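Enquirer: Mind having a look at this structure? Questions to follow.
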Amino acid sequence: LFFYKHKMLPRGEKLATYQGKRQGTVVFDGPVPIPVLFEVRTARNGPWMSLTPMELLTLRAGTKLAKGTVVIAGLGLGHQLIDVCARKQVKKIILVEHSPELVNWLLPVIIERYAPSCEIEVLIGDAYEILPTLTADVALIDIFPDYGNNAHNCRRFLESSFGIKKVWCWGTAAV
């Protein structure tokens with residue numbers, strides 16, 4: 001189960017950003033609502049997914065790689081799916097998501113509002129089991145709980161995904 005809310009970032013409050021080794025901050029001149037999704041059944045403190053400026057910036061490198069048949073592992077709040085659907089070079093998206101509840105709740109809204117002509121195949125299950133069975137030009141994997149230090153996790157996909165030409169993992173430079 002998930003619950004959704006807007007967290008308000010107050011005007012003038014600094015928000016940290018990261019791009020590889022580069023760090024910075026952004027400050028807004030008015031309050032900014034940040035969409036946040038919490039998973040109820042986990043013991044994790046904090047959000048399960050949010051659309052902070054840092055989140056949007058860290059997805060850009062993977063999105064720029066998208067072409068042909070693209071696997072997206074991890075739906076999150078759908079930002080990367082929407083951006084990948086908008087790319088003319090993309091012919092088909094295979095979405096791999098562990099939570100059928102999240103797909104049933106969020107994907108119809110994404111398709112209706114942002115991606116009505118995008119061809120999307122949905123596979124429910126564990127990305128570590130499903131990705132090695134797929135063939136695609138690019139896999140964009142965003143299933144890790146924290147940004148950074150995901151090289152080991154990404155290496156597992158690189159070693160097992162023989163039918164996928166290029167693999168990008170959120171939070172690591174390894175491709």
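Ordered as shown in the structure tokens, chains take letters A, B, and onward, while each chain numbers its residues from 1 and ligands are numbered from 1 in the order shown.
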Which polymer residues have any atom within 10 Å of an atom of region 117-121 of chain A, counting only C-alpha atoms, with same-chain residues fewer than 4 positions away left out, as a PyMOL selection string?

Expert: chain A and resi 69-71+81-82+84-87+90-96+107+111-112

Enquirer: Please write the residues from the selection above to a file, keeping N, CA, C and O atoms, as a compact mmCIF listing (two decimals), in the first residue's frame.

Expert:
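Full text of out_22.txt as output:
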# COMPACT_ATOMS: atom_id res chain seq x y z
N THR A 69 13.97 -0.10 -28.22
CA THR A 69 13.22 -0.76 -27.14
C THR A 69 13.93 -0.47 -25.84
O THR A 69 15.13 -0.74 -25.69
N VAL A 70 13.19 0.09 -24.88
CA VAL A 70 13.76 0.53 -23.61
C VAL A 70 13.08 -0.20 -22.46
O VAL A 70 11.85 -0.23 -22.39
N VAL A 71 13.87 -0.77 -21.58
CA VAL A 71 13.36 -1.35 -20.34
C VAL A 71 13.48 -0.29 -19.27
O VAL A 71 14.54 0.32 -19.11
N LEU A 81 9.47 7.47 -17.02
CA LEU A 81 8.61 6.85 -18.03
C LEU A 81 8.02 7.92 -18.96
O LEU A 81 8.03 7.77 -20.18
N ILE A 82 7.54 9.00 -18.39
CA ILE A 82 6.96 10.09 -19.18
C ILE A 82 8.02 10.70 -20.10
O ILE A 82 7.77 10.91 -21.30
N VAL A 84 10.85 9.33 -21.18
CA VAL A 84 11.28 8.36 -22.19
C VAL A 84 10.22 8.24 -23.28
O VAL A 84 10.54 8.16 -24.47
N CYS A 85 8.95 8.24 -22.90
CA CYS A 85 7.86 8.19 -23.89
C CYS A 85 7.91 9.37 -24.86
O CYS A 85 7.53 9.24 -26.02
N ALA A 86 8.38 10.51 -24.39
CA ALA A 86 8.42 11.71 -25.22
C ALA A 86 9.56 11.69 -26.24
O ALA A 86 9.57 12.50 -27.17
N ARG A 87 10.50 10.77 -26.10
CA ARG A 87 11.64 10.72 -27.02
C ARG A 87 11.24 10.03 -28.33
O ARG A 87 10.75 8.92 -28.32
N VAL A 90 12.45 6.42 -29.24
CA VAL A 90 11.92 5.27 -28.50
C VAL A 90 10.72 4.68 -29.24
O VAL A 90 9.78 5.38 -29.58
N LYS A 91 10.80 3.38 -29.49
CA LYS A 91 9.72 2.67 -30.20
C LYS A 91 8.82 1.90 -29.24
O LYS A 91 7.62 1.78 -29.47
N LYS A 92 9.40 1.36 -28.17
CA LYS A 92 8.63 0.55 -27.22
C LYS A 92 9.28 0.62 -25.86
O LYS A 92 10.50 0.70 -25.74
N ILE A 93 8.45 0.59 -24.80
CA ILE A 93 8.94 0.56 -23.42
C ILE A 93 8.44 -0.70 -22.76
O ILE A 93 7.25 -1.05 -22.87
N ILE A 94 9.35 -1.38 -22.08
CA ILE A 94 8.98 -2.51 -21.24
C ILE A 94 9.17 -2.06 -19.80
O ILE A 94 10.30 -1.80 -19.37
N LEU A 95 8.08 -1.92 -19.07
CA LEU A 95 8.13 -1.48 -17.68
C LEU A 95 8.18 -2.72 -16.78
O LEU A 95 7.31 -3.58 -16.86
N VAL A 96 9.20 -2.79 -15.93
CA VAL A 96 9.32 -3.86 -14.95
C VAL A 96 9.11 -3.22 -13.58
O VAL A 96 9.88 -2.35 -13.17
N LEU A 107 -0.17 4.03 -13.42
CA LEU A 107 0.06 3.93 -14.86
C LEU A 107 -1.11 4.41 -15.72
O LEU A 107 -0.89 5.09 -16.71
N ILE A 111 -0.53 7.20 -18.67
CA ILE A 111 -0.85 6.94 -20.08
C ILE A 111 -1.88 7.92 -20.60
O ILE A 111 -1.71 8.50 -21.68
N GLU A 112 -2.93 8.15 -19.85
CA GLU A 112 -4.00 9.05 -20.31
C GLU A 112 -3.51 10.48 -20.48
O GLU A 112 -3.80 11.12 -21.49

Enquirer: Run DSSP on the backbone of this structure and report the residues of region 48-119 of chain A it assigns to strand (DSSP E), as a list in words.

Expert: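 Assigned to strand (DSSP E), within region 48-119 of chain A: Met49, Ser50, Gly68, Thr69, Val70, Val71, Ile72, Ala73, Val90, Lys91, Lys92, Ile93, Ile94, Leu95, Val96 and Glu97 of chain A.
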
Enquirer: Report as a PDB file with all heavy atoms, in the first residue's frame all protein, DNA and RNA residues lying within 12 Å of Ser161 (chain A), evaluated on only C-alpha atoms, omitting residues in the same chain fewer than 3 positions from it.

Expert:
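Generated file (around10.pdb):
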ATOM      1  N   VAL A  71      13.873  -0.772 -21.583  1.00  0.00           N
ATOM      2  CA  VAL A  71      13.359  -1.350 -20.345  1.00  0.00           C
ATOM      3  C   VAL A  71      13.483  -0.293 -19.267  1.00  0.00           C
ATOM      4  O   VAL A  71      14.544   0.318 -19.114  1.00  0.00           O
ATOM      5  CB  VAL A  71      14.156  -2.607 -19.929  1.00  0.00           C
ATOM      6  CG1 VAL A  71      13.687  -3.115 -18.568  1.00  0.00           C
ATOM      7  CG2 VAL A  71      14.034  -3.692 -20.980  1.00  0.00           C
ATOM      8  N   ALA A 127      12.994  -7.346 -10.745  1.00  0.00           N
ATOM      9  CA  ALA A 127      13.842  -6.936 -11.871  1.00  0.00           C
ATOM     10  C   ALA A 127      15.069  -7.826 -12.010  1.00  0.00           C
ATOM     11  O   ALA A 127      15.518  -8.085 -13.125  1.00  0.00           O
ATOM     12  CB  ALA A 127      14.269  -5.478 -11.700  1.00  0.00           C
ATOM     13  N   TYR A 128      15.622  -8.307 -10.896  1.00  0.00           N
ATOM     14  CA  TYR A 128      16.800  -9.169 -10.964  1.00  0.00           C
ATOM     15  C   TYR A 128      16.485 -10.486 -11.679  1.00  0.00           C
ATOM     16  O   TYR A 128      17.364 -11.086 -12.282  1.00  0.00           O
ATOM     17  CB  TYR A 128      17.345  -9.461  -9.563  1.00  0.00           C
ATOM     18  CG  TYR A 128      18.066  -8.274  -8.966  1.00  0.00           C
ATOM     19  CD1 TYR A 128      17.450  -7.486  -8.000  1.00  0.00           C
ATOM     20  CD2 TYR A 128      19.354  -7.951  -9.361  1.00  0.00           C
ATOM     21  CE1 TYR A 128      18.116  -6.400  -7.448  1.00  0.00           C
ATOM     22  CE2 TYR A 128      20.022  -6.863  -8.815  1.00  0.00           C
ATOM     23  CZ  TYR A 128      19.395  -6.092  -7.856  1.00  0.00           C
ATOM     24  OH  TYR A 128      20.044  -5.018  -7.324  1.00  0.00           O
ATOM     25  N   GLU A 129      15.242 -10.922 -11.618  1.00  0.00           N
ATOM     26  CA  GLU A 129      14.841 -12.159 -12.297  1.00  0.00           C
ATOM     27  C   GLU A 129      14.368 -11.903 -13.727  1.00  0.00           C
ATOM     28  O   GLU A 129      14.624 -12.696 -14.623  1.00  0.00           O
ATOM     29  CB  GLU A 129      13.731 -12.855 -11.511  1.00  0.00           C
ATOM     30  CG  GLU A 129      14.168 -13.347 -10.153  1.00  0.00           C
ATOM     31  CD  GLU A 129      13.017 -13.877  -9.313  1.00  0.00           C
ATOM     32  OE1 GLU A 129      11.885 -14.017  -9.843  1.00  0.00           O
ATOM     33  OE2 GLU A 129      13.240 -14.139  -8.119  1.00  0.00           O
ATOM     34  N   ILE A 130      13.684 -10.787 -13.953  1.00  0.00           N
ATOM     35  CA  ILE A 130      13.070 -10.523 -15.255  1.00  0.00           C
ATOM     36  C   ILE A 130      14.063  -9.978 -16.279  1.00  0.00           C
ATOM     37  O   ILE A 130      14.066 -10.405 -17.432  1.00  0.00           O
ATOM     38  CB  ILE A 130      11.867  -9.570 -15.101  1.00  0.00           C
ATOM     39  CG1 ILE A 130      10.755 -10.261 -14.301  1.00  0.00           C
ATOM     40  CG2 ILE A 130      11.343  -9.121 -16.455  1.00  0.00           C
ATOM     41  CD1 ILE A 130       9.577  -9.369 -13.967  1.00  0.00           C
ATOM     42  N   LEU A 131      14.907  -9.031 -15.898  1.00  0.00           N
ATOM     43  CA  LEU A 131      15.794  -8.399 -16.882  1.00  0.00           C
ATOM     44  C   LEU A 131      16.678  -9.376 -17.658  1.00  0.00           C
ATOM     45  O   LEU A 131      16.841  -9.192 -18.865  1.00  0.00           O
ATOM     46  CB  LEU A 131      16.632  -7.296 -16.249  1.00  0.00           C
ATOM     47  CG  LEU A 131      16.047  -5.891 -16.431  1.00  0.00           C
ATOM     48  CD1 LEU A 131      14.776  -5.699 -15.673  1.00  0.00           C
ATOM     49  CD2 LEU A 131      17.054  -4.839 -16.113  1.00  0.00           C
ATOM     50  N   PRO A 132      17.243 -10.399 -17.037  1.00  0.00           N
ATOM     51  CA  PRO A 132      18.080 -11.327 -17.814  1.00  0.00           C
ATOM     52  C   PRO A 132      17.313 -12.073 -18.909  1.00  0.00           C
ATOM     53  O   PRO A 132      17.926 -12.625 -19.814  1.00  0.00           O
ATOM     54  CB  PRO A 132      18.606 -12.306 -16.750  1.00  0.00           C
ATOM     55  CG  PRO A 132      18.564 -11.543 -15.479  1.00  0.00           C
ATOM     56  CD  PRO A 132      17.347 -10.664 -15.597  1.00  0.00           C
ATOM     57  N   THR A 133      15.981 -12.060 -18.867  1.00  0.00           N
ATOM     58  CA  THR A 133      15.184 -12.756 -19.886  1.00  0.00           C
ATOM     59  C   THR A 133      14.782 -11.843 -21.037  1.00  0.00           C
ATOM     60  O   THR A 133      14.183 -12.302 -21.999  1.00  0.00           O
ATOM     61  CB  THR A 133      13.899 -13.341 -19.266  1.00  0.00           C
ATOM     62  OG1 THR A 133      13.009 -12.276 -18.900  1.00  0.00           O
ATOM     63  CG2 THR A 133      14.205 -14.199 -18.047  1.00  0.00           C
ATOM     64  N   LEU A 134      15.108 -10.548 -20.953  1.00  0.00           N
ATOM     65  CA  LEU A 134      14.628  -9.571 -21.924  1.00  0.00           C
ATOM     66  C   LEU A 134      15.667  -9.225 -22.983  1.00  0.00           C
ATOM     67  O   LEU A 134      16.865  -9.348 -22.767  1.00  0.00           O
ATOM     68  CB  LEU A 134      14.198  -8.283 -21.210  1.00  0.00           C
ATOM     69  CG  LEU A 134      13.076  -8.423 -20.185  1.00  0.00           C
ATOM     70  CD1 LEU A 134      12.828  -7.088 -19.499  1.00  0.00           C
ATOM     71  CD2 LEU A 134      11.809  -8.935 -20.844  1.00  0.00           C
ATOM     72  N   THR A 135      15.164  -8.744 -24.121  1.00  0.00           N
ATOM     73  CA  THR A 135      15.994  -8.204 -25.187  1.00  0.00           C
ATOM     74  C   THR A 135      15.587  -6.744 -25.381  1.00  0.00           C
ATOM     75  O   THR A 135      14.399  -6.450 -25.514  1.00  0.00           O
ATOM     76  CB  THR A 135      15.770  -8.989 -26.494  1.00  0.00           C
ATOM     77  OG1 THR A 135      16.110 -10.346 -26.265  1.00  0.00           O
ATOM     78  CG2 THR A 135      16.618  -8.432 -27.616  1.00  0.00           C
ATOM     79  N   ALA A 136      16.567  -5.836 -25.367  1.00  0.00           N
ATOM     80  CA  ALA A 136      16.271  -4.413 -25.524  1.00  0.00           C
ATOM     81  C   ALA A 136      17.540  -3.673 -25.909  1.00  0.00           C
ATOM     82  O   ALA A 136      18.654  -4.188 -25.780  1.00  0.00           O
ATOM     83  CB  ALA A 136      15.702  -3.840 -24.225  1.00  0.00           C
ATOM     84  N   ASP A 137      17.353  -2.445 -26.372  1.00  0.00           N
ATOM     85  CA  ASP A 137      18.495  -1.586 -26.687  1.00  0.00           C
ATOM     86  C   ASP A 137      19.099  -0.984 -25.427  1.00  0.00           C
ATOM     87  O   ASP A 137      20.315  -0.856 -25.313  1.00  0.00           O
ATOM     88  CB  ASP A 137      18.059  -0.473 -27.652  1.00  0.00           C
ATOM     89  CG  ASP A 137      17.619  -1.046 -28.981  1.00  0.00           C
ATOM     90  OD1 ASP A 137      18.471  -1.603 -29.685  1.00  0.00           O
ATOM     91  OD2 ASP A 137      16.413  -0.971 -29.297  1.00  0.00           O
ATOM     92  N   VAL A 138      18.248  -0.588 -24.487  1.00  0.00           N
ATOM     93  CA  VAL A 138      18.691   0.098 -23.276  1.00  0.00           C
ATOM     94  C   VAL A 138      17.823  -0.348 -22.107  1.00  0.00           C
ATOM     95  O   VAL A 138      16.615  -0.520 -22.266  1.00  0.00           O
ATOM     96  CB  VAL A 138      18.567   1.635 -23.429  1.00  0.00           C
ATOM     97  CG1 VAL A 138      19.018   2.359 -22.174  1.00  0.00           C
ATOM     98  CG2 VAL A 138      19.341   2.138 -24.625  1.00  0.00           C
ATOM     99  N   ALA A 139      18.444  -0.502 -20.936  1.00  0.00           N
ATOM    100  CA  ALA A 139      17.697  -0.708 -19.692  1.00  0.00           C
ATOM    101  C   ALA A 139      18.031   0.439 -18.751  1.00  0.00           C
ATOM    102  O   ALA A 139      19.204   0.742 -18.521  1.00  0.00           O
ATOM    103  CB  ALA A 139      18.055  -2.039 -19.052  1.00  0.00           C
ATOM    104  N   ILE A 141      17.524   1.453 -14.973  1.00  0.00           N
ATOM    105  CA  ILE A 141      17.179   0.760 -13.738  1.00  0.00           C
ATOM    106  C   ILE A 141      17.214   1.737 -12.573  1.00  0.00           C
ATOM    107  O   ILE A 141      18.251   2.306 -12.249  1.00  0.00           O
ATOM    108  CB  ILE A 141      18.149  -0.416 -13.496  1.00  0.00           C
ATOM    109  CG1 ILE A 141      18.111  -1.351 -14.712  1.00  0.00           C
ATOM    110  CG2 ILE A 141      17.795  -1.152 -12.214  1.00  0.00           C
ATOM    111  CD1 ILE A 141      19.207  -2.375 -14.746  1.00  0.00           C
ATOM    112  N   CYS A 154      24.463  -2.466  -9.950  1.00  0.00           N
ATOM    113  CA  CYS A 154      24.438  -2.315 -11.405  1.00  0.00           C
ATOM    114  C   CYS A 154      25.264  -3.413 -12.073  1.00  0.00           C
ATOM    115  O   CYS A 154      24.877  -3.942 -13.107  1.00  0.00           O
ATOM    116  CB  CYS A 154      24.962  -0.933 -11.792  1.00  0.00           C
ATOM    117  SG  CYS A 154      24.598  -0.491 -13.497  1.00  0.00           S
ATOM    118  N   ARG A 155      26.380  -3.747 -11.466  1.00  0.00           N
ATOM    119  CA  ARG A 155      27.237  -4.801 -12.018  1.00  0.00           C
ATOM    120  C   ARG A 155      26.465  -6.117 -12.143  1.00  0.00           C
ATOM    121  O   ARG A 155      26.636  -6.858 -13.103  1.00  0.00           O
ATOM    122  CB  ARG A 155      28.474  -4.978 -11.148  1.00  0.00           C
ATOM    123  CG  ARG A 155      29.664  -5.516 -11.898  1.00  0.00           C
ATOM    124  CD  ARG A 155      30.963  -5.440 -11.104  1.00  0.00           C
ATOM    125  NE  ARG A 155      31.342  -4.057 -10.811  1.00  0.00           N
ATOM    126  CZ  ARG A 155      31.438  -3.543  -9.581  1.00  0.00           C
ATOM    127  NH1 ARG A 155      31.197  -4.268  -8.536  1.00  0.00           N
ATOM    128  NH2 ARG A 155      31.782  -2.287  -9.418  1.00  0.00           N
ATOM    129  N   ARG A 156      25.590  -6.404 -11.189  1.00  0.00           N
ATOM    130  CA  ARG A 156      24.772  -7.625 -11.255  1.00  0.00           C
ATOM    131  C   ARG A 156      23.915  -7.622 -12.519  1.00  0.00           C
ATOM    132  O   ARG A 156      23.761  -8.646 -13.166  1.00  0.00           O
ATOM    133  CB  ARG A 156      23.872  -7.748 -10.028  1.00  0.00           C
ATOM    134  CG  ARG A 156      24.601  -8.173  -8.785  1.00  0.00           C
ATOM    135  CD  ARG A 156      23.712  -8.230  -7.578  1.00  0.00           C
ATOM    136  NE  ARG A 156      22.611  -9.168  -7.740  1.00  0.00           N
ATOM    137  CZ  ARG A 156      21.587  -9.238  -6.890  1.00  0.00           C
ATOM    138  NH1 ARG A 156      21.541  -8.435  -5.842  1.00  0.00           N
ATOM    139  NH2 ARG A 156      20.615 -10.097  -7.080  1.00  0.00           N
ATOM    140  N   PHE A 157      23.374  -6.479 -12.881  1.00  0.00           N
ATOM    141  CA  PHE A 157      22.572  -6.394 -14.106  1.00  0.00           C
ATOM    142  C   PHE A 157      23.448  -6.492 -15.348  1.00  0.00           C
ATOM    143  O   PHE A 157      23.080  -7.131 -16.315  1.00  0.00           O
ATOM    144  CB  PHE A 157      21.757  -5.101 -14.140  1.00  0.00           C
ATOM    145  CG  PHE A 157      20.591  -5.113 -13.210  1.00  0.00           C
ATOM    146  CD1 PHE A 157      20.579  -4.333 -12.077  1.00  0.00           C
ATOM    147  CD2 PHE A 157      19.493  -5.920 -13.467  1.00  0.00           C
ATOM    148  CE1 PHE A 157      19.504  -4.345 -11.213  1.00  0.00           C
ATOM    149  CE2 PHE A 157      18.410  -5.943 -12.618  1.00  0.00           C
ATOM    150  CZ  PHE A 157      18.414  -5.156 -11.479  1.00  0.00           C
ATOM    151  N   LEU A 158      24.588  -5.821 -15.316  1.00  0.00           N
ATOM    152  CA  LEU A 158      25.481  -5.856 -16.467  1.00  0.00           C
ATOM    153  C   LEU A 158      25.947  -7.275 -16.776  1.00  0.00           C
ATOM    154  O   LEU A 158      26.070  -7.668 -17.930  1.00  0.00           O
ATOM    155  CB  LEU A 158      26.701  -4.962 -16.221  1.00  0.00           C
ATOM    156  CG  LEU A 158      26.433  -3.459 -16.234  1.00  0.00           C
ATOM    157  CD1 LEU A 158      27.638  -2.702 -15.689  1.00  0.00           C
ATOM    158  CD2 LEU A 158      26.098  -2.988 -17.621  1.00  0.00           C
ATOM    159  N   ILE A 164      20.387  -7.229 -23.467  1.00  0.00           N
ATOM    160  CA  ILE A 164      20.242  -5.779 -23.367  1.00  0.00           C
ATOM    161  C   ILE A 164      21.587  -5.147 -23.716  1.00  0.00           C
ATOM    162  O   ILE A 164      22.609  -5.457 -23.116  1.00  0.00           O
ATOM    163  CB  ILE A 164      19.765  -5.361 -21.966  1.00  0.00           C
ATOM    164  CG1 ILE A 164      18.388  -5.987 -21.696  1.00  0.00           C
ATOM    165  CG2 ILE A 164      19.733  -3.850 -21.842  1.00  0.00           C
ATOM    166  CD1 ILE A 164      17.874  -5.792 -20.298  1.00  0.00           C
ATOM    167  N   LYS A 165      21.573  -4.255 -24.713  1.00  0.00           N
ATOM    168  CA  LYS A 165      22.821  -3.686 -25.238  1.00  0.00           C
ATOM    169  C   LYS A 165      23.496  -2.704 -24.283  1.00  0.00           C
ATOM    170  O   LYS A 165      24.710  -2.648 -24.192  1.00  0.00           O
ATOM    171  CB  LYS A 165      22.559  -3.007 -26.576  1.00  0.00           C
ATOM    172  CG  LYS A 165      22.105  -3.966 -27.659  1.00  0.00           C
ATOM    173  CD  LYS A 165      21.746  -3.228 -28.929  1.00  0.00           C
ATOM    174  CE  LYS A 165      21.152  -4.178 -29.947  1.00  0.00           C
ATOM    175  NZ  LYS A 165      20.584  -3.470 -31.082  1.00  0.00           N
ATOM    176  N   LYS A 166      22.705  -1.888 -23.578  1.00  0.00           N
ATOM    177  CA  LYS A 166      23.270  -0.865 -22.695  1.00  0.00           C
ATOM    178  C   LYS A 166      22.436  -0.818 -21.415  1.00  0.00           C
ATOM    179  O   LYS A 166      21.212  -0.857 -21.474  1.00  0.00           O
ATOM    180  CB  LYS A 166      23.242   0.490 -23.395  1.00  0.00           C
ATOM    181  CG  LYS A 166      24.040   1.560 -22.691  1.00  0.00           C
ATOM    182  CD  LYS A 166      24.090   2.833 -23.505  1.00  0.00           C
ATOM    183  CE  LYS A 166      25.194   2.699 -24.532  1.00  0.00           C
ATOM    184  NZ  LYS A 166      25.492   3.939 -25.221  1.00  0.00           N
ATOM    185  N   VAL A 167      23.124  -0.738 -20.270  1.00  0.00           N
ATOM    186  CA  VAL A 167      22.446  -0.686 -18.976  1.00  0.00           C
ATOM    187  C   VAL A 167      22.863   0.583 -18.253  1.00  0.00           C
ATOM    188  O   VAL A 167      24.060   0.880 -18.154  1.00  0.00           O
ATOM    189  CB  VAL A 167      22.794  -1.927 -18.115  1.00  0.00           C
ATOM    190  CG1 VAL A 167      22.186  -1.808 -16.727  1.00  0.00           C
ATOM    191  CG2 VAL A 167      22.327  -3.203 -18.795  1.00  0.00           C
ATOM    192  N   TRP A 168      21.882   1.328 -17.763  1.00  0.00           N
ATOM    193  CA  TRP A 168      22.126   2.516 -16.928  1.00  0.00           C
ATOM    194  C   TRP A 168      21.435   2.276 -15.593  1.00  0.00           C
ATOM    195  O   TRP A 168      20.274   1.851 -15.572  1.00  0.00           O
ATOM    196  CB  TRP A 168      21.564   3.772 -17.613  1.00  0.00           C
ATOM    197  CG  TRP A 168      21.607   4.982 -16.735  1.00  0.00           C
ATOM    198  CD1 TRP A 168      22.636   5.879 -16.609  1.00  0.00           C
ATOM    199  CD2 TRP A 168      20.575   5.468 -15.858  1.00  0.00           C
ATOM    200  NE1 TRP A 168      22.310   6.867 -15.714  1.00  0.00           N
ATOM    201  CE2 TRP A 168      21.043   6.631 -15.243  1.00  0.00           C
ATOM    202  CE3 TRP A 168      19.297   5.011 -15.526  1.00  0.00           C
ATOM    203  CZ2 TRP A 168      20.295   7.349 -14.324  1.00  0.00           C
ATOM    204  CZ3 TRP A 168      18.542   5.719 -14.619  1.00  0.00           C
ATOM    205  CH2 TRP A 168      19.040   6.894 -14.026  1.00  0.00           C
TER     206      TRP A 168
END

Enquirer: To one decimal in Å, tell me the separation between CA of Ala66 (chain A) and CA of Gln89 (chain A).

Expert: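 Those two atoms sit 7.2 Å apart.
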
Enquirer: Check region 95-131 of chain A with DSSP on the backbone and list each residue it calls alpha helix (DSSP H), as a PyMOL selection string.

Expert: chain A and resi 100-114+127-130

Enquirer: The selected residues should be written to file as a compact mmCIF listing (two decimals), in the first residue's frame (atoms: N, CA, C and O atoms).

Expert:
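Done, and the output landed in selection-v9.txt:
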# COMPACT_ATOMS: atom_id res chain seq x y z
N PRO A 100 2.25 -4.48 -8.20
CA PRO A 100 1.08 -4.35 -9.08
C PRO A 100 0.14 -3.24 -8.62
O PRO A 100 -0.51 -2.60 -9.44
N GLU A 101 0.11 -2.96 -7.31
CA GLU A 101 -0.74 -1.89 -6.79
C GLU A 101 -0.32 -0.54 -7.35
O GLU A 101 -1.15 0.28 -7.73
N LEU A 102 0.99 -0.31 -7.38
CA LEU A 102 1.51 0.96 -7.90
C LEU A 102 1.18 1.10 -9.39
O LEU A 102 0.73 2.16 -9.84
N VAL A 103 1.38 0.04 -10.15
CA VAL A 103 1.08 0.07 -11.59
C VAL A 103 -0.40 0.33 -11.82
O VAL A 103 -0.77 1.18 -12.63
N ASN A 104 -1.26 -0.37 -11.09
CA ASN A 104 -2.71 -0.20 -11.27
C ASN A 104 -3.18 1.19 -10.87
O ASN A 104 -4.13 1.72 -11.45
N TRP A 105 -2.53 1.80 -9.90
CA TRP A 105 -2.94 3.11 -9.42
C TRP A 105 -2.40 4.23 -10.31
O TRP A 105 -3.12 5.16 -10.67
N LEU A 106 -1.11 4.15 -10.70
CA LEU A 106 -0.46 5.28 -11.34
C LEU A 106 -0.39 5.21 -12.87
O LEU A 106 -0.55 6.22 -13.54
N LEU A 107 -0.17 4.03 -13.42
CA LEU A 107 0.06 3.93 -14.86
C LEU A 107 -1.11 4.41 -15.72
O LEU A 107 -0.89 5.09 -16.71
N PRO A 108 -2.37 4.10 -15.37
CA PRO A 108 -3.47 4.62 -16.20
C PRO A 108 -3.49 6.14 -16.31
O PRO A 108 -3.77 6.69 -17.37
N VAL A 109 -3.15 6.83 -15.23
CA VAL A 109 -3.11 8.30 -15.24
C VAL A 109 -1.98 8.79 -16.13
O VAL A 109 -2.14 9.72 -16.92
N ILE A 110 -0.81 8.14 -16.02
CA ILE A 110 0.34 8.53 -16.85
C ILE A 110 0.02 8.35 -18.32
O ILE A 110 0.27 9.24 -19.14
N ILE A 111 -0.53 7.20 -18.67
CA ILE A 111 -0.85 6.94 -20.08
C ILE A 111 -1.88 7.92 -20.60
O ILE A 111 -1.71 8.50 -21.68
N GLU A 112 -2.93 8.15 -19.85
CA GLU A 112 -4.00 9.05 -20.31
C GLU A 112 -3.51 10.48 -20.48
O GLU A 112 -3.80 11.12 -21.49
N ARG A 113 -2.75 11.00 -19.52
CA ARG A 113 -2.36 12.41 -19.54
C ARG A 113 -1.08 12.69 -20.33
O ARG A 113 -0.96 13.76 -20.93
N TYR A 114 -0.11 11.78 -20.28
CA TYR A 114 1.22 12.11 -20.78
C TYR A 114 1.73 11.21 -21.89
O TYR A 114 2.67 11.57 -22.58
N ALA A 127 12.99 -7.35 -10.75
CA ALA A 127 13.84 -6.94 -11.87
C ALA A 127 15.07 -7.83 -12.01
O ALA A 127 15.52 -8.08 -13.12
N TYR A 128 15.62 -8.31 -10.90
CA TYR A 128 16.80 -9.17 -10.96
C TYR A 128 16.49 -10.49 -11.68
O TYR A 128 17.36 -11.09 -12.28
N GLU A 129 15.24 -10.92 -11.62
CA GLU A 129 14.84 -12.16 -12.30
C GLU A 129 14.37 -11.90 -13.73
O GLU A 129 14.62 -12.70 -14.62
N ILE A 130 13.68 -10.79 -13.95
CA ILE A 130 13.07 -10.52 -15.26
C ILE A 130 14.06 -9.98 -16.28
O ILE A 130 14.07 -10.41 -17.43

Enquirer: Please determine, counting only C-alpha atoms, which residue among A:Asp142, A:Asn153, A:Pro35, A:Leu123 has the shortest atom-to-atom distance to Leu59 (chain A).

Expert: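 Of A:Asp142, A:Asn153, A:Pro35, A:Leu123, the one nearest Leu59 (chain A) is A:Asp142, counting only C-alpha atoms.
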